[in-house]
Amino acid sequence: MIGAEVMGVIRLTQVTKRYGKATALDGVDLCVAPGETFGLLGPNGAGKTTTLRLLAGMAVPSSGQVRVMEVDPWDSPDQVRSQMGVLPDGTGLYERLSVLENLRLFAGLHGVGPERIERAVAATGLTGLTGRRVGSLSRGEKQRLALARALLHEPRLIILDEPTNGLDPAATLAFHDLLRDLKARGRTVVIASHDMAEVDALCDRVAILDRGRLVACDSPAALKARWGQRTVRVTFAGSAAAQTAEWPLGDAAWVQAVARRQAEGSLLAVHTREATLAEVFLHTTGRELA
Amino acid sequence: MMVLAQAQMKDVVRNPMLLFFFACVPIMGAVMKAAMPASVRTLLSTTLFVMSAYFVGWNIPAFTLAEEKEKRQLEALFLTPVRPWQVVLVKGGLGIVGSLAFGLLMFPILGTVPQRPLLWLLSYTVLTPFTVGVGTLVGLLVKDTRTLGVGGTPVVLLLIFATTLPWALMQPGVWSVQAWLPTRPAVELIAAGITGEAVPVARNLLVMLGYVTLLWLLNARLIRRLSFVRH
């Protein structure tokens, strides 16, 4: 981890961002290593989007230092953005233009050729949709197009703000496969999300933000081991309907309960339940993620 | 810049609301030609030229900037190497070219032959950067398309009726004050271009150019803020 911090693609050092009297980020330290898929987890207003805007050079920190690939994105936005693809919350696509026209526009602005368009279209499964007006696409298709746009200039760093917000389960799973594919190709990916299952499934490390403060940062497994709790759930036949009882895995009481229900003949099922990032969030912030 | 201009052009010509505004001008011209008495034709023709400069030149930058803020398309644009001034330049260019095209189209529709065509062209060419500049200023200032209207009335209509129609019906005192305000000097020049009458050309041009310069200096100060719109 020390090495990763030295070589970080992204480094935030004591970053504070204020909008008037409101503090959006408060003394945040963060480091993202090359090739890492990194999650920013938190409720609305936690500071996720502000962090992404600072990384993209679209906002300047009130204090502290932001470095993306060793460059200050505010001072040298072009240098950073040439290596960064961003999928903003709200796709920002031109709905009256076709898929291909949108991609041609952004490819032209990035100064890349048509072969990159073909590659991005193929990578995001948009083949067959290129002639369609964006306004007629489903939400999942628009998200894929926005990702294709972010990939046009083949950036090393990809930033995604709530990438599966509002997608149906099938589209969400398809999008997750795309992100895994990007990771497999060595890209560094930063995902801001309030979907804990998504962050848990995709990210190597997770930073939990709450009211602008960084409250925890580690791998999902380490966070769950530290703050979550594996439990055993025992289901048994009650007087009218099935009933359940739950104990921490380390509590010997569940063993006795299972033995007793087994002897009574009322034992129906025994399940173990993994700790979740929701529990981690609850422990670290004192409240549930809305 | 060319790729941006092409995309913006396609976006404009596929926008039904802008097309409606654009179509209003020739339709009004055709109605005017058929229904209006000859005594007021010069006044109404001049007003129509001003309206075409506003309806096309104002609407393109104002509406598209407001919409691109609302739909967060500007954010996506500014994540590429494109600069805010390039976006404004493209929109301004489309506004000016569109305004001139619609202005020229009005002659065959109205059946008018300008007595001093160069003066008409000069005055219209000065008015257009003003209307495009006002549209750009409004587009830079508003948050979204909903804030483009005042009490449900589009700002462009308020501007047209505040600056063009009333002056012609006012007493000479008001008229002479308006001679130093924007639009009216261009209106006087356009009318002179059609009728051939003598007007203070240099003064009117200088007044308009002064406003155009001020407006674009103000726009230049505001343009950089475009890329850091806070949502």
# chains A, B, ... in the order shown; residues from 1 in each chain; ligands from 1
>>> closest_atom_pairs(of="chain A", to="chain B", cutoff="6 Å", atoms="only C-alpha atoms", output="CSV")
residue,atom,partner,partner_atom,distance
A:Met58,CA,B:Phe228,CA,5.5
A:Asp78,CA,B:Pro81,CA,5.8
A:Gly92,CA,B:Gln73,CA,4.0
A:Leu93,CA,B:Gln73,CA,6.0
A:Arg96,CA,B:Asp11,CA,5.9
A:Leu105,CA,B:Val3,CA,5.8
A:His110,CA,B:Thr80,CA,5.9
>>> select_by_dssp(residues="stretch 31-192 of chain B", states="strand (DSSP E or B)", output="list of chain:residue names")
B:Gly149, B:Val150, B:Thr153, B:Pro154
>>> residues_around(residues="A:Trp254", least_positions_apart="3", cutoff="12 Å", atoms="only C-alpha atoms", output="ChimeraX atom specification")
/A:231-235,244-251,257-262,270-272
>>> select_by_dssp(residues="stretch 46-191 of chain B", states="alpha helix (DSSP H)", output="MDAnalysis selection string")
chainID B and resid 46:57 59:70 73:77 84:110 117:141 155:163 165:169 172:178 184:191
>>> residues_around(residues="stretch 28-41 of chain A", least_positions_apart="4", cutoff="7 Å", atoms="only C-alpha atoms", output="JSON, numbers by chain")
{"A": [4, 5, 7, 8, 9, 10, 11, 12, 13, 14, 15, 16, 48, 183, 186, 187, 188, 189, 190, 191, 192, 193, 194, 199, 203, 204, 205, 206, 207, 208, 209, 213, 214]}
>>> atom_distance(atom1="atom CA of B:Val50", atom2="atom CA of B:Leu122")
13.5 Å
>>> residues_around(residues="B:Ala62", least_positions_apart="6", cutoff="12 Å", atoms="only C-alpha atoms", output="PyMOL selection string")
chain B and resi 12+18+54-56+68-69+88+91-92+95+131-149+154-156
>>> closest_residue(among="A:Ala146, A:Val71, A:Val255, A:Leu97", to="A:Ala120", atoms="only C-alpha atoms")
A:Ala146
>>> residues_around(residues="A:Arg144", least_positions_apart="4", cutoff="8 Å", atoms="only C-alpha atoms", output="mmCIF file with N, CA and C atoms, in the first residue's frame")
data_model
loop_
_atom_site.group_PDB
_atom_site.id
_atom_site.type_symbol
_atom_site.label_atom_id
_atom_site.label_comp_id
_atom_site.auth_asym_id
_atom_site.auth_seq_id
_atom_site.Cartn_x
_atom_site.Cartn_y
_atom_site.Cartn_z
ATOM 1 N N THR A 124 -18.425 -1.539 -26.200
ATOM 2 C CA THR A 124 -19.602 -1.265 -25.375
ATOM 3 C C THR A 124 -20.876 -1.893 -25.932
ATOM 4 N N GLY A 125 -20.719 -2.733 -26.944
ATOM 5 C CA GLY A 125 -21.865 -3.468 -27.479
ATOM 6 C C GLY A 125 -22.896 -2.581 -28.165
ATOM 7 N N LEU A 126 -22.443 -1.542 -28.801
ATOM 8 C CA LEU A 126 -23.381 -0.621 -29.458
ATOM 9 C C LEU A 126 -23.509 -0.883 -30.957
ATOM 10 N N GLY A 140 -30.167 2.228 -20.412
ATOM 11 C CA GLY A 140 -28.964 1.397 -20.399
ATOM 12 C C GLY A 140 -28.108 1.624 -21.632
ATOM 13 N N ALA A 148 -18.850 4.643 -23.998
ATOM 14 C CA ALA A 148 -18.086 4.601 -25.263
ATOM 15 C C ALA A 148 -17.440 5.950 -25.532
ATOM 16 N N PHE A 175 -23.551 -3.747 -17.654
ATOM 17 C CA PHE A 175 -22.619 -2.638 -17.425
ATOM 18 C C PHE A 175 -21.473 -3.083 -16.529
#
>>> atom_distance(atom1="atom CA of A:Met84", atom2="atom CA of A:Arg149")
11.4 Å
>>> residues_around(residues="A:Arg132", least_positions_apart="5", cutoff="12 Å", atoms="only C-alpha atoms", output="VMD selection string")
chain A and resid 95 to 102 126 to 127 137 to 138 141 to 142 145
>>> write_last_selection(atoms="C-alpha atoms", output="PDB file, in the first residue's frame")
ATOM      1  CA  GLU A  95     -30.276  13.512 -27.861  1.00  0.00           C
ATOM      2  CA  ARG A  96     -31.148  14.855 -31.311  1.00  0.00           C
ATOM      3  CA  LEU A  97     -27.952  13.439 -32.789  1.00  0.00           C
ATOM      4  CA  SER A  98     -27.436   9.775 -33.605  1.00  0.00           C
ATOM      5  CA  VAL A  99     -25.104   7.464 -31.683  1.00  0.00           C
ATOM      6  CA  LEU A 100     -22.514   7.767 -34.434  1.00  0.00           C
ATOM      7  CA  GLU A 101     -22.874  11.562 -34.673  1.00  0.00           C
ATOM      8  CA  ASN A 102     -22.299  11.866 -30.927  1.00  0.00           C
ATOM      9  CA  LEU A 126     -23.381  -0.621 -29.458  1.00  0.00           C
ATOM     10  CA  THR A 127     -22.914  -2.226 -32.870  1.00  0.00           C
ATOM     11  CA  LEU A 137     -32.339   4.790 -26.814  1.00  0.00           C
ATOM     12  CA  SER A 138     -33.082   3.075 -23.504  1.00  0.00           C
ATOM     13  CA  GLU A 141     -28.040   2.030 -24.032  1.00  0.00           C
ATOM     14  CA  LYS A 142     -27.420   5.703 -23.261  1.00  0.00           C
ATOM     15  CA  LEU A 145     -22.918   5.230 -25.255  1.00  0.00           C
TER      16      LEU A 145
END
>>> closest_residue(among="B:Leu44, B:Gln178, B:Met36, B:Trp85", to="B:Arg225", atoms="only C-alpha atoms")
B:Trp85
